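Asks: Structure supplied as work.cif; contents: mmCIF, C-alpha atoms.
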```
data_entry
loop_
_atom_site.label_atom_id
_atom_site.label_comp_id
_atom_site.auth_asym_id
_atom_site.auth_seq_id
_atom_site.Cartn_x
_atom_site.Cartn_y
_atom_site.Cartn_z
CA MET A 1259 -18.56 -38.95 -8.17
CA ARG A 1260 -18.14 -36.51 -5.27
CA ASP A 1261 -14.64 -37.04 -3.85
CA ASP A 1262 -15.85 -36.15 -0.36
CA LEU A 1263 -17.96 -39.32 -0.36
CA THR A 1264 -14.82 -41.43 -0.20
CA GLY A 1265 -12.84 -39.66 2.51
CA ILE A 1266 -9.68 -39.90 0.37
CA TYR A 1267 -6.97 -37.46 -0.67
CA GLY A 1268 -7.53 -35.33 -3.74
CA VAL A 1269 -5.00 -35.26 -6.59
CA ALA A 1270 -3.32 -32.02 -5.49
CA ALA A 1271 -2.85 -33.25 -1.93
CA ALA A 1272 -1.47 -36.56 -3.21
CA ARG A 1273 1.10 -34.80 -5.42
CA LYS A 1274 2.26 -32.61 -2.56
CA THR A 1275 2.54 -35.57 -0.18
CA LEU A 1276 4.62 -37.59 -2.66
CA ASP A 1277 6.92 -34.63 -3.28
CA ASP A 1278 7.34 -34.07 0.47
CA TRP A 1279 8.25 -37.72 0.98
CA GLN A 1280 10.80 -37.60 -1.83
CA GLN A 1281 12.39 -34.40 -0.52
CA GLU A 1282 12.67 -35.93 2.93
CA ALA A 1283 14.45 -38.98 1.50
CA VAL A 1284 16.92 -36.79 -0.43
CA GLN A 1285 17.63 -34.60 2.61
CA GLN A 1286 18.31 -37.64 4.78
CA GLY A 1287 20.61 -39.17 2.16
CA ARG A 1288 18.94 -42.57 2.06
CA PRO A 1289 17.03 -44.57 -0.52
CA ALA A 1290 13.52 -43.23 -0.85
CA PRO A 1291 11.12 -45.40 1.18
CA VAL A 1292 8.32 -44.43 -1.21
CA HIS A 1293 6.23 -47.02 -3.00
CA ALA A 1294 3.36 -46.29 -5.33
CA MET A 1295 0.74 -48.21 -7.25
CA LEU A 1296 -1.90 -46.99 -9.67
CA LEU A 1297 -5.08 -49.04 -9.84
CA GLY A 1298 -7.40 -48.81 -12.82
CA LEU A 1299 -10.81 -50.41 -13.27
CA GLY A 1300 -11.23 -52.21 -16.56
CA ARG A 1301 -14.51 -51.85 -18.46
CA PHE A 1302 -15.74 -49.26 -15.97
CA ASP A 1303 -17.43 -47.21 -18.69
CA ALA A 1304 -19.52 -50.25 -19.51
CA ILE A 1305 -20.93 -50.26 -15.97
CA ASN A 1306 -22.07 -46.65 -16.33
CA LEU A 1307 -23.67 -47.43 -19.69
CA ALA A 1308 -25.34 -50.63 -18.53
CA TYR A 1309 -26.59 -49.56 -15.09
CA GLY A 1310 -26.40 -45.77 -15.02
CA GLU A 1311 -24.12 -43.27 -13.32
CA ALA A 1312 -25.65 -43.82 -9.87
CA VAL A 1313 -24.45 -47.43 -9.90
CA GLY A 1314 -21.07 -46.35 -11.27
CA ASP A 1315 -20.68 -43.78 -8.49
CA GLY A 1316 -21.69 -46.39 -5.91
CA ALA A 1317 -19.09 -48.79 -7.28
CA LEU A 1318 -16.39 -46.11 -7.05
CA VAL A 1319 -17.31 -45.38 -3.44
CA THR A 1320 -17.12 -49.09 -2.61
CA VAL A 1321 -13.73 -49.40 -4.34
CA ALA A 1322 -12.39 -46.37 -2.46
CA GLN A 1323 -13.57 -47.82 0.85
CA ARG A 1324 -12.00 -51.19 0.08
CA ILE A 1325 -8.68 -49.51 -0.71
CA LEU A 1326 -8.89 -47.48 2.50
CA HIS A 1327 -9.60 -50.58 4.57
CA PHE A 1328 -6.72 -52.36 2.86
CA ALA A 1329 -4.31 -49.50 3.58
CA GLU A 1330 -5.46 -49.14 7.19
CA ASP A 1331 -4.90 -52.85 7.70
CA GLU A 1332 -1.48 -53.11 6.03
CA PHE A 1333 0.14 -49.74 6.79
CA GLU A 1334 -1.10 -48.80 10.26
CA GLU A 1335 2.48 -48.16 11.44
CA SER A 1336 3.54 -46.16 8.36
CA HIS A 1337 2.52 -43.06 6.43
CA TRP A 1338 0.27 -43.79 3.48
CA LEU A 1339 -2.20 -42.08 1.20
CA VAL A 1340 -5.04 -43.02 -1.10
CA ALA A 1341 -6.20 -40.70 -3.89
CA ARG A 1342 -8.79 -40.90 -6.63
CA LEU A 1343 -7.21 -39.55 -9.80
CA GLY A 1344 -10.35 -39.42 -11.92
CA GLY A 1345 -12.52 -41.97 -13.65
CA GLY A 1346 -11.81 -45.41 -12.27
CA ASN A 1347 -8.17 -44.71 -11.32
CA PHE A 1348 -6.85 -44.71 -7.75
CA LEU A 1349 -3.38 -44.12 -6.33
CA LEU A 1350 -2.08 -45.97 -3.27
CA ALA A 1351 1.31 -44.93 -1.90
CA ALA A 1352 3.21 -45.83 1.26
CA HIS A 1353 6.21 -44.24 2.98
CA GLU A 1354 7.96 -47.24 4.47
CA ALA A 1355 10.80 -49.68 3.88
CA CYS A 1356 9.27 -52.34 1.67
CA SER A 1357 10.77 -55.08 -0.48
CA ARG A 1358 9.87 -55.48 -4.13
CA GLU A 1359 8.34 -58.85 -3.28
CA ARG A 1360 6.09 -57.38 -0.58
CA TRP A 1361 4.91 -54.51 -2.80
CA GLN A 1362 3.99 -56.95 -5.56
CA TRP A 1363 2.18 -59.23 -3.12
CA LEU A 1364 0.26 -56.25 -1.75
CA ALA A 1365 -0.78 -55.31 -5.29
CA GLU A 1366 -2.01 -58.84 -5.97
CA ALA A 1367 -3.90 -58.91 -2.67
CA LEU A 1368 -5.49 -55.52 -3.37
CA ALA A 1369 -6.53 -56.66 -6.84
CA ASP A 1370 -8.25 -59.66 -5.25
CA ALA A 1371 -10.10 -57.37 -2.83
CA ILE A 1372 -11.29 -55.03 -5.58
CA ALA A 1373 -12.36 -57.90 -7.85
CA HIS A 1374 -14.67 -59.27 -5.14
CA PRO A 1375 -18.27 -58.85 -6.36
CA ILE A 1376 -20.21 -55.80 -5.20
CA VAL A 1377 -23.64 -57.05 -4.20
CA GLU A 1378 -26.99 -55.25 -4.03
CA LEU A 1379 -25.70 -51.96 -5.47
CA ALA A 1380 -28.52 -49.53 -6.24
CA GLY A 1381 -30.71 -52.31 -7.55
CA ALA A 1382 -28.12 -53.44 -10.12
CA GLY A 1383 -27.68 -56.91 -8.64
CA THR A 1384 -24.05 -58.01 -8.63
CA VAL A 1385 -21.34 -55.78 -10.14
CA ARG A 1386 -17.90 -57.23 -10.91
CA LEU A 1387 -14.85 -55.08 -11.58
CA SER A 1388 -11.60 -55.97 -13.36
CA PRO A 1389 -8.67 -54.15 -11.73
CA ARG A 1390 -5.27 -53.59 -13.30
CA ILE A 1391 -2.35 -52.26 -11.26
CA ALA A 1392 0.91 -50.51 -12.18
CA LEU A 1393 3.71 -50.59 -9.58
CA MET A 1394 6.90 -48.66 -8.97
CA ARG A 1395 9.53 -47.93 -6.33
CA PRO A 1396 10.64 -44.36 -7.17
CA VAL A 1397 14.24 -43.33 -6.62
CA PRO A 1398 15.18 -40.03 -4.93
CA GLY A 1399 14.55 -37.09 -7.22
CA GLU A 1400 11.60 -38.58 -9.06
CA GLY A 1401 8.85 -36.10 -8.24
CA ALA A 1402 5.13 -36.67 -8.22
CA SER A 1403 4.66 -35.64 -11.86
CA LEU A 1404 7.18 -38.21 -13.08
CA ILE A 1405 5.74 -40.88 -10.77
CA PHE A 1406 2.23 -40.24 -12.05
CA ASP A 1407 3.37 -40.27 -15.70
CA ARG A 1408 5.30 -43.55 -15.38
CA LEU A 1409 2.46 -45.24 -13.54
CA ALA A 1410 -0.13 -44.05 -16.06
CA GLU A 1411 1.95 -45.30 -18.99
CA THR A 1412 2.46 -48.68 -17.33
CA LEU A 1413 -1.22 -48.99 -16.45
CA GLU A 1414 -2.10 -48.58 -20.12
CA GLN A 1415 0.29 -51.43 -20.92
CA ALA A 1416 -1.32 -53.57 -18.20
CA ARG A 1417 -4.79 -52.91 -19.64
CA GLY A 1418 -3.61 -54.41 -22.91
CA GLN A 1419 -2.31 -57.61 -21.32
CA GLN A 1420 -5.34 -59.68 -20.39
CA SER A 1421 -3.23 -62.34 -18.68
CA ARG A 1422 -1.64 -59.86 -16.24
CA ARG A 1423 -3.23 -57.74 -13.53
CA VAL A 1424 0.04 -56.34 -12.13
CA LEU A 1425 2.90 -54.74 -14.07
CA TRP A 1426 6.03 -52.93 -12.88
CA ALA A 1427 6.82 -49.47 -14.23
CA ASP A 1428 10.49 -50.39 -14.53
CA GLY A 1429 9.66 -52.98 -17.18
CA GLY A 1430 9.84 -55.97 -14.88
CA LEU A 1431 7.14 -58.54 -15.46
CA THR A 1432 5.34 -60.39 -12.71
CA VAL A 1433 4.29 -63.98 -12.56
CA PRO A 1434 0.57 -63.94 -11.70
CA GLY A 1435 -0.24 -65.86 -8.53
CA LYS A 1436 3.29 -67.07 -7.77
CA ARG A 1437 3.76 -64.89 -4.69
CA SER A 1438 0.19 -65.44 -3.52
CA ALA A 1439 0.58 -69.21 -3.87
CA MET A 1440 3.70 -69.11 -1.70
CA VAL A 1441 1.89 -67.17 1.02
CA ASP A 1442 -1.11 -69.49 0.83
CA ALA A 1443 1.14 -72.47 1.49
CA ASP A 1444 2.81 -70.74 4.45
CA LEU A 1445 -0.36 -69.82 6.34
CA LEU A 1446 -1.35 -73.18 7.81
CA SER A 1447 2.21 -73.75 9.01
CA ALA A 1448 2.18 -70.31 10.61
CA ILE A 1449 -0.99 -71.20 12.53
CA ASP A 1450 0.55 -74.50 13.67
CA ARG A 1451 3.74 -72.72 14.80
CA ASP A 1452 1.74 -70.05 16.66
CA GLU A 1453 3.20 -67.27 14.49
CA ILE A 1454 -0.07 -65.33 14.24
CA GLU A 1455 0.24 -62.43 16.68
CA ILE A 1456 -2.76 -60.99 18.51
CA VAL A 1457 -2.83 -57.25 19.20
CA PHE A 1458 -5.50 -55.20 20.94
CA GLN A 1459 -7.01 -51.83 20.07
CA PRO A 1460 -8.51 -50.16 23.15
CA GLN A 1461 -12.16 -49.14 23.25
CA VAL A 1462 -13.11 -46.05 25.23
CA ASP A 1463 -16.24 -44.88 27.06
CA LEU A 1464 -16.95 -41.41 25.67
CA GLU A 1465 -18.64 -40.21 28.85
CA THR A 1466 -15.85 -41.15 31.28
CA ASP A 1467 -12.93 -41.23 28.78
CA ALA A 1468 -11.94 -44.54 30.39
CA ILE A 1469 -10.81 -47.67 28.54
CA ILE A 1470 -13.51 -50.31 28.86
CA GLY A 1471 -11.93 -53.10 26.79
CA ALA A 1472 -10.34 -53.82 23.43
CA GLU A 1473 -10.86 -55.44 20.04
CA ALA A 1474 -8.56 -58.35 19.22
CA LEU A 1475 -6.83 -58.10 15.83
CA ALA A 1476 -4.51 -60.58 14.10
CA ARG A 1477 -1.13 -59.85 12.54
CA TRP A 1478 1.30 -62.13 10.73
CA GLN A 1479 4.97 -61.28 10.34
CA HIS A 1480 5.79 -63.17 7.17
CA PRO A 1481 9.51 -64.04 6.90
CA GLU A 1482 9.81 -62.59 3.37
CA LEU A 1483 6.91 -60.17 2.93
CA GLY A 1484 6.83 -58.56 6.34
CA ARG A 1485 3.67 -57.76 8.28
CA ILE A 1486 0.33 -58.93 6.89
CA GLY A 1487 -2.80 -57.47 8.45
CA ALA A 1488 -6.01 -59.17 9.52
CA GLY A 1489 -7.98 -58.39 6.37
CA GLN A 1490 -5.49 -60.12 4.08
CA LEU A 1491 -4.96 -62.91 6.58
CA PHE A 1492 -8.59 -63.88 6.24
CA ALA A 1493 -8.50 -63.40 2.46
CA ILE A 1494 -5.61 -65.89 2.30
CA ALA A 1495 -7.42 -68.24 4.68
CA GLU A 1496 -10.55 -68.11 2.52
CA ARG A 1497 -8.57 -69.02 -0.62
CA THR A 1498 -6.97 -72.00 1.15
CA ASP A 1499 -10.05 -73.10 3.10
CA HIS A 1500 -8.32 -72.37 6.43
CA VAL A 1501 -10.83 -69.84 7.76
CA ALA A 1502 -12.04 -72.12 10.55
CA GLN A 1503 -8.50 -72.87 11.77
CA LEU A 1504 -7.47 -69.22 11.66
CA SER A 1505 -10.61 -67.93 13.34
CA ARG A 1506 -10.45 -70.52 16.13
CA HIS A 1507 -6.74 -69.80 16.68
CA ILE A 1508 -7.39 -66.06 17.01
CA ALA A 1509 -10.33 -66.58 19.38
CA LYS A 1510 -8.46 -69.07 21.56
CA THR A 1511 -5.33 -66.91 21.79
CA ALA A 1512 -7.24 -63.69 22.43
CA LEU A 1513 -9.42 -65.24 25.13
CA ALA A 1514 -6.40 -66.78 26.85
CA LEU A 1515 -4.63 -63.41 26.91
CA ALA A 1516 -7.72 -61.50 28.01
CA SER A 1517 -8.27 -63.90 30.90
CA GLY A 1518 -5.46 -62.01 32.63
CA TRP A 1519 -7.20 -58.62 32.28
CA PRO A 1520 -9.03 -56.82 35.09
CA ASP A 1521 -12.59 -58.10 35.46
CA SER A 1522 -14.01 -54.78 34.22
CA MET A 1523 -12.38 -55.09 30.78
CA ARG A 1524 -14.36 -56.39 27.80
CA LEU A 1525 -13.02 -58.25 24.75
CA SER A 1526 -14.32 -58.00 21.18
CA ILE A 1527 -13.47 -60.64 18.59
CA ASN A 1528 -14.45 -60.82 14.92
CA VAL A 1529 -16.72 -63.57 13.64
CA THR A 1530 -16.73 -64.70 10.00
CA PRO A 1531 -19.62 -66.06 7.92
CA ALA A 1532 -17.75 -69.39 7.92
CA ASP A 1533 -17.92 -69.44 11.72
CA LEU A 1534 -21.64 -68.82 11.80
CA ALA A 1535 -22.24 -71.43 9.07
CA ALA A 1536 -20.63 -74.16 11.19
CA PRO A 1537 -23.21 -75.98 13.37
CA SER A 1538 -20.56 -76.56 16.04
CA PHE A 1539 -19.53 -72.90 16.37
CA ALA A 1540 -21.61 -72.00 19.42
CA GLY A 1541 -20.53 -75.09 21.34
CA GLU A 1542 -16.86 -74.61 20.46
CA LEU A 1543 -16.91 -70.95 21.50
CA LEU A 1544 -18.58 -71.73 24.83
CA ALA A 1545 -16.00 -74.48 25.38
CA LEU A 1546 -13.21 -71.95 24.74
CA LEU A 1547 -14.74 -69.60 27.29
CA SER A 1548 -14.85 -72.40 29.83
CA GLU A 1549 -11.28 -73.47 29.01
CA THR A 1550 -9.82 -69.96 29.32
CA GLY A 1551 -12.00 -68.85 32.23
CA PHE A 1552 -13.11 -65.69 30.44
CA ALA A 1553 -16.65 -64.65 31.42
CA ALA A 1554 -19.22 -64.82 28.61
CA ASP A 1555 -20.80 -61.51 29.63
CA ARG A 1556 -17.45 -59.74 28.98
CA LEU A 1557 -17.28 -60.93 25.35
CA THR A 1558 -18.59 -59.19 22.22
CA LEU A 1559 -18.78 -60.86 18.81
CA GLU A 1560 -18.36 -58.50 15.85
CA ILE A 1561 -19.95 -59.39 12.50
CA THR A 1562 -18.71 -57.53 9.45
CA GLU A 1563 -21.58 -55.59 7.89
CA HIS A 1564 -20.34 -55.66 4.29
CA VAL A 1565 -20.04 -59.46 4.11
CA LEU A 1566 -23.26 -61.26 3.29
CA LEU A 1567 -24.14 -64.16 5.56
CA ALA A 1568 -25.04 -67.28 3.62
CA ASP A 1569 -28.10 -68.10 5.72
CA LEU A 1570 -29.29 -65.16 7.76
CA GLU A 1571 -31.96 -67.08 9.68
CA ASP A 1572 -29.52 -69.82 10.77
CA SER A 1573 -26.95 -67.18 11.74
CA ALA A 1574 -29.55 -65.36 13.81
CA ALA A 1575 -30.44 -68.61 15.60
CA MET A 1576 -26.77 -69.33 16.33
CA LEU A 1577 -26.20 -65.84 17.71
CA SER A 1578 -29.35 -66.05 19.83
CA ILE A 1579 -27.95 -69.14 21.55
CA LEU A 1580 -24.76 -67.27 22.39
CA ARG A 1581 -26.65 -64.17 23.52
CA GLU A 1582 -28.58 -66.29 26.00
CA GLU A 1583 -25.21 -67.07 27.60
CA GLY A 1584 -24.52 -63.35 28.03
CA ILE A 1585 -22.36 -62.74 24.94
CA ARG A 1586 -23.02 -59.42 23.17
CA VAL A 1587 -23.26 -59.05 19.37
CA ALA A 1588 -22.18 -56.00 17.35
CA LEU A 1589 -22.57 -55.24 13.62
CA ASP A 1590 -19.09 -54.14 12.53
CA ASP A 1591 -18.00 -51.73 9.76
CA PHE A 1592 -21.48 -50.22 9.52
CA GLY A 1593 -21.55 -47.93 6.47
CA ALA A 1594 -18.46 -49.42 4.82
CA GLY A 1595 -20.44 -50.84 1.90
CA PHE A 1596 -24.10 -51.44 1.23
CA CYS A 1597 -26.20 -51.18 4.40
CA ASN A 1598 -28.13 -54.41 4.75
CA PHE A 1599 -31.06 -53.40 6.92
CA ARG A 1600 -32.24 -57.02 7.12
CA TYR A 1601 -29.30 -57.54 9.48
CA LEU A 1602 -30.75 -54.92 11.80
CA LYS A 1603 -34.17 -56.53 11.56
CA LEU A 1604 -33.25 -60.20 11.98
CA LEU A 1605 -29.98 -60.47 13.90
CA PRO A 1606 -29.99 -60.32 17.72
CA LEU A 1607 -27.77 -57.24 17.95
CA ASP A 1608 -26.63 -55.18 20.91
CA ALA A 1609 -24.57 -52.55 19.08
CA ILE A 1610 -23.43 -51.18 15.73
CA LYS A 1611 -19.86 -50.08 15.01
CA LEU A 1612 -19.59 -47.13 12.66
CA ASP A 1613 -16.91 -47.56 10.03
CA ARG A 1614 -14.28 -44.83 9.93
CA ALA A 1615 -15.66 -43.77 6.54
CA MET A 1616 -18.72 -42.56 8.46
CA ILE A 1617 -16.53 -40.53 10.84
CA ASP A 1618 -13.91 -38.86 8.65
CA GLY A 1619 -15.89 -35.83 7.52
CA ILE A 1620 -18.30 -35.21 10.40
CA THR A 1621 -16.55 -32.09 11.68
CA GLU A 1622 -16.31 -30.43 8.24
CA ASP A 1623 -19.22 -31.68 6.12
CA GLU A 1624 -22.86 -31.06 7.04
CA ARG A 1625 -23.98 -33.99 4.91
CA ASP A 1626 -21.68 -36.37 6.78
CA LEU A 1627 -22.97 -35.04 10.08
CA ALA A 1628 -26.58 -35.42 8.94
CA VAL A 1629 -25.95 -39.05 7.96
CA LEU A 1630 -24.31 -39.68 11.34
CA ARG A 1631 -27.29 -38.21 13.18
CA GLY A 1632 -29.68 -40.34 11.15
CA ILE A 1633 -27.79 -43.54 11.97
CA ILE A 1634 -27.61 -42.67 15.68
CA ALA A 1635 -31.35 -41.96 15.77
CA MET A 1636 -32.05 -45.30 14.09
CA ALA A 1637 -29.75 -47.12 16.54
CA LYS A 1638 -31.46 -45.51 19.52
CA ALA A 1639 -34.88 -46.47 18.16
CA LEU A 1640 -33.65 -50.07 17.94
CA ARG A 1641 -32.08 -49.81 21.42
CA LEU A 1642 -28.59 -50.43 20.06
CA SER A 1643 -25.38 -48.98 21.43
CA VAL A 1644 -23.16 -47.09 18.99
CA ILE A 1645 -19.39 -47.50 18.76
CA ALA A 1646 -17.33 -45.26 16.47
CA GLU A 1647 -14.19 -46.60 14.77
CA GLY A 1648 -11.28 -44.63 13.35
CA VAL A 1649 -11.47 -41.65 15.72
CA GLU A 1650 -8.25 -39.69 15.35
CA HIS A 1651 -9.01 -36.14 16.53
CA VAL A 1652 -10.32 -34.55 19.70
CA SER A 1653 -12.88 -32.61 17.65
CA GLN A 1654 -14.32 -35.89 16.35
CA ARG A 1655 -14.48 -37.35 19.85
CA ASP A 1656 -16.22 -34.31 21.27
CA LEU A 1657 -18.77 -34.18 18.46
CA LEU A 1658 -19.54 -37.90 18.78
CA PHE A 1659 -20.10 -37.54 22.51
CA GLY A 1660 -22.43 -34.60 21.94
CA GLU A 1661 -24.44 -36.63 19.43
CA GLY A 1662 -24.94 -39.54 21.83
CA VAL A 1663 -22.35 -42.08 20.70
CA GLU A 1664 -21.33 -44.19 23.70
CA PHE A 1665 -17.92 -45.66 22.77
CA TYR A 1666 -15.04 -45.19 20.35
CA GLN A 1667 -11.77 -46.71 19.25
CA GLY A 1668 -9.04 -45.20 17.12
CA PHE A 1669 -5.59 -43.67 17.10
CA LEU A 1670 -6.75 -40.78 19.32
CA CYS A 1671 -6.57 -43.27 22.17
CA SER A 1672 -4.15 -45.86 20.80
CA GLN A 1673 -3.14 -47.88 17.79
CA PRO A 1674 -3.38 -51.69 18.19
CA VAL A 1675 -0.86 -52.77 20.83
CA SER A 1676 0.55 -55.93 22.34
CA GLN A 1677 -0.88 -57.58 25.42
CA ALA A 1678 1.89 -56.12 27.59
CA GLU A 1679 1.37 -52.60 26.25
CA PHE A 1680 -2.41 -52.84 26.68
CA LEU A 1681 -2.05 -53.81 30.32
CA ARG A 1682 0.45 -50.98 30.80
CA ILE A 1683 -1.94 -48.28 29.59
CA LEU A 1684 -4.82 -49.45 31.76
CA PRO A 1685 -5.48 -47.30 34.85
CA VAL A 1686 -4.07 -48.66 38.09
#
```
Take the structure in the file and write it out as structure tokens.

Replies:
Amino acid sequence: MRDDLTGIYGVAAARKTLDDWQQEAVQQGRPAPVHAMLLGLGRFDAINLAYGEAVGDGALVTVAQRILHFAEDEFEESHWLVARLGGGNFLLAAHEACSRERWQWLAEALADAIAHPIVELAGAGTVRLSPRIALMRPVPGEGASLIFDRLAETLEQARGQQSRRVLWADGGLTVPGKRSAMVDADLLSAIDRDEIEIVFQPQVDLETDAIIGAEALARWQHPELGRIGAGQLFAIAERTDHVAQLSRHIAKTALALASGWPDSMRLSINVTPADLAAPSFAGELLALLSETGFAADRLTLEITEHVLLADLEDSAAMLSILREEGIRVALDDFGAGFCNFRYLKLLPLDAIKLDRAMIDGITEDERDLAVLRGIIAMAKALRLSVIAEGVEHVSQRDLLFGEGVEFYQGFLCSQPVSQAEFLRILPV
């Protein structure tokens, strides 16, 4: 597989980054805030043999993108890296203070994300992967070579233990599911106690460079595990059948906060397949708009592109009802997984949001730029606006504007911020 398809660090860059982090910890005389995990895909050779290398490469790209999304969600305030080490092995490392319990829970959550079936991959139907993960918390002085060796040795041990997906490199054994079960039980109480925080990532008009609104994102500060991002929040909610409660809580809180914004500011909220499958969703959302006083024509619903909707026709009908009230609809994370063009054909869309994986290489790689231009041309032909996610550099912003992209969000403007901080950065 071409590494540049994934937008991830190469092995050499990963080794240098780990060594730099370790040297920094030694120089500052404190415990090394470096945590590393090595993820391996079980029976990956069998996928290549059964379906061909094209399917295997597609699976690796999907895995890399899932790991990137996971890291972006969980470590947005810290330094982190993702690297493909060859075959079906990936390294994830973070440079932050992190408890042993949190690092294990993150490994379990990542394993769940990777094990989720990959659907409609190069005509292969459904592909299922079996991840195994080795964990460690290196001490100062353990360089990248030693870290890689210890993780690799532990991963081999994990591959031989069918009952365990996660194993510590220091010999400590984990109890599968124990930490996840504890978090599952805590979630509903957290919703009831209003512990789910809503933050906002600004969205910017590329022509005027002015903030035109923000996307609402959820965060949960767990008392033992620390911050849990939106992606894992919904993964936990799905396991515990609390998706409806979580989604409604986020929408209600975000709309209430946004009702205090200037009238020119738009709000984007994420919609799950569970929302669209509920016959009462449209009525409940319109009732929330009425209750909070937020205008329907200032709201955008974002549907994640890489999650299949159970009944596309019913979802389209539900969204059409909401669109008639002035609500806009955007297809989120476009390009993050398989591109389901039936969505573009059947759903009443106003915009597509390009995943950051579609943005990362556009200033260096002609292939990435060609793909971007093709998507923009398709969007224009369908009369859809284009929003770019994950924009971090001025060069990316300038290129996107020149190619006709209308809006962007990303760290170049701002990371997700609190309500107070969002209002502070708005122009007077």

Asks: Per residue of range 1564-1660 of chain A within 9 Å of range 1532-1555 of chain A, record the nearest atom pair and its distance in Å to one decimal, counting all atoms listed in the file, with rows in chain order and ascending residue number, as JSON lines.

Replies:
```
{"residue": "A:Leu1567", "atom": "CA", "partner": "A:Leu1534", "partner_atom": "CA", "distance": 8.2}
{"residue": "A:Ala1568", "atom": "CA", "partner": "A:Ala1535", "partner_atom": "CA", "distance": 7.4}
{"residue": "A:Asp1569", "atom": "CA", "partner": "A:Ala1535", "partner_atom": "CA", "distance": 7.5}
{"residue": "A:Asp1572", "atom": "CA", "partner": "A:Ala1535", "partner_atom": "CA", "distance": 7.6}
{"residue": "A:Ser1573", "atom": "CA", "partner": "A:Leu1534", "partner_atom": "CA", "distance": 5.6}
{"residue": "A:Ala1574", "atom": "CA", "partner": "A:Leu1534", "partner_atom": "CA", "distance": 8.9}
{"residue": "A:Met1576", "atom": "CA", "partner": "A:Ala1540", "partner_atom": "CA", "distance": 6.6}
{"residue": "A:Leu1577", "atom": "CA", "partner": "A:Ala1540", "partner_atom": "CA", "distance": 7.9}
{"residue": "A:Ile1579", "atom": "CA", "partner": "A:Ala1540", "partner_atom": "CA", "distance": 7.3}
{"residue": "A:Leu1580", "atom": "CA", "partner": "A:Ala1540", "partner_atom": "CA", "distance": 6.4}
{"residue": "A:Arg1581", "atom": "CA", "partner": "A:Asp1555", "partner_atom": "CA", "distance": 8.9}
{"residue": "A:Glu1583", "atom": "CA", "partner": "A:Ala1554", "partner_atom": "CA", "distance": 6.5}
{"residue": "A:Gly1584", "atom": "CA", "partner": "A:Asp1555", "partner_atom": "CA", "distance": 4.4}
{"residue": "A:Ile1585", "atom": "CA", "partner": "A:Asp1555", "partner_atom": "CA", "distance": 5.1}
{"residue": "A:Arg1586", "atom": "CA", "partner": "A:Asp1555", "partner_atom": "CA", "distance": 7.1}
```

Asks: Given the file shown, determine the residues that the PyMOL selection byres ((chain A and resi 1497) around 12) selects; report them as a list in words.

Replies: Ala1367, Asp1370, Ala1371, Gly1435, Ser1438, Ala1439, Val1441, Asp1442, Ala1443, Leu1445, Leu1446, Gln1490, Leu1491, Phe1492, Ala1493, Ile1494, Ala1495, Glu1496, Thr1498, Asp1499, His1500 and Val1501 of chain A

Asks: I need the chosen residues saved as a PDB file, in the frame of the given file, with C-alpha atoms.

Replies:
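Dumped to out10.pdb:
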```
ATOM      1  CA  ALA A1367      -3.900 -58.910  -2.670  1.00  0.00           C
ATOM      2  CA  ASP A1370      -8.250 -59.660  -5.250  1.00  0.00           C
ATOM      3  CA  ALA A1371     -10.100 -57.370  -2.830  1.00  0.00           C
ATOM      4  CA  GLY A1435      -0.240 -65.860  -8.530  1.00  0.00           C
ATOM      5  CA  SER A1438       0.190 -65.440  -3.520  1.00  0.00           C
ATOM      6  CA  ALA A1439       0.580 -69.210  -3.870  1.00  0.00           C
ATOM      7  CA  VAL A1441       1.890 -67.170   1.020  1.00  0.00           C
ATOM      8  CA  ASP A1442      -1.110 -69.490   0.830  1.00  0.00           C
ATOM      9  CA  ALA A1443       1.140 -72.470   1.490  1.00  0.00           C
ATOM     10  CA  LEU A1445      -0.360 -69.820   6.340  1.00  0.00           C
ATOM     11  CA  LEU A1446      -1.350 -73.180   7.810  1.00  0.00           C
ATOM     12  CA  GLN A1490      -5.490 -60.120   4.080  1.00  0.00           C
ATOM     13  CA  LEU A1491      -4.960 -62.910   6.580  1.00  0.00           C
ATOM     14  CA  PHE A1492      -8.590 -63.880   6.240  1.00  0.00           C
ATOM     15  CA  ALA A1493      -8.500 -63.400   2.460  1.00  0.00           C
ATOM     16  CA  ILE A1494      -5.610 -65.890   2.300  1.00  0.00           C
ATOM     17  CA  ALA A1495      -7.420 -68.240   4.680  1.00  0.00           C
ATOM     18  CA  GLU A1496     -10.550 -68.110   2.520  1.00  0.00           C
ATOM     19  CA  THR A1498      -6.970 -72.000   1.150  1.00  0.00           C
ATOM     20  CA  ASP A1499     -10.050 -73.100   3.100  1.00  0.00           C
ATOM     21  CA  HIS A1500      -8.320 -72.370   6.430  1.00  0.00           C
ATOM     22  CA  VAL A1501     -10.830 -69.840   7.760  1.00  0.00           C
TER      23      VAL A1501
END
```

Asks: Point out the residue among A:Leu1318, A:Pro1396, A:Met1616, A:Gly1344 with the least atom-to-atom distance to Ala1628 in chain A, counting only C-alpha atoms.

Replies: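 Among the listed residues, A:Met1616 lies closest to Ala1628 in chain A.
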
Asks: Which residues of range 1626-1684 of chain A have any atom within 9 Å of an atom in range 1468-1482 of chain A when counting all atoms listed in the file, and what is the closest pair of atoms for each, with the distance in Å to one decimal? Order the rows by chain and rising number and write it as a tab-separated table.

Replies:
```
residue	atom	partner	partner_atom	distance
A:Phe1665	CA	A:Ile1470	CA	8.8
A:Gln1667	CA	A:Ala1472	CA	8.4
A:Cys1671	CA	A:Ile1469	CA	8.8
A:Pro1674	CA	A:Leu1475	CA	7.7
A:Phe1680	CA	A:Ala1472	CA	8.6
A:Ile1683	CA	A:Ile1469	CA	9.0
A:Leu1684	CA	A:Ile1469	CA	7.0
```
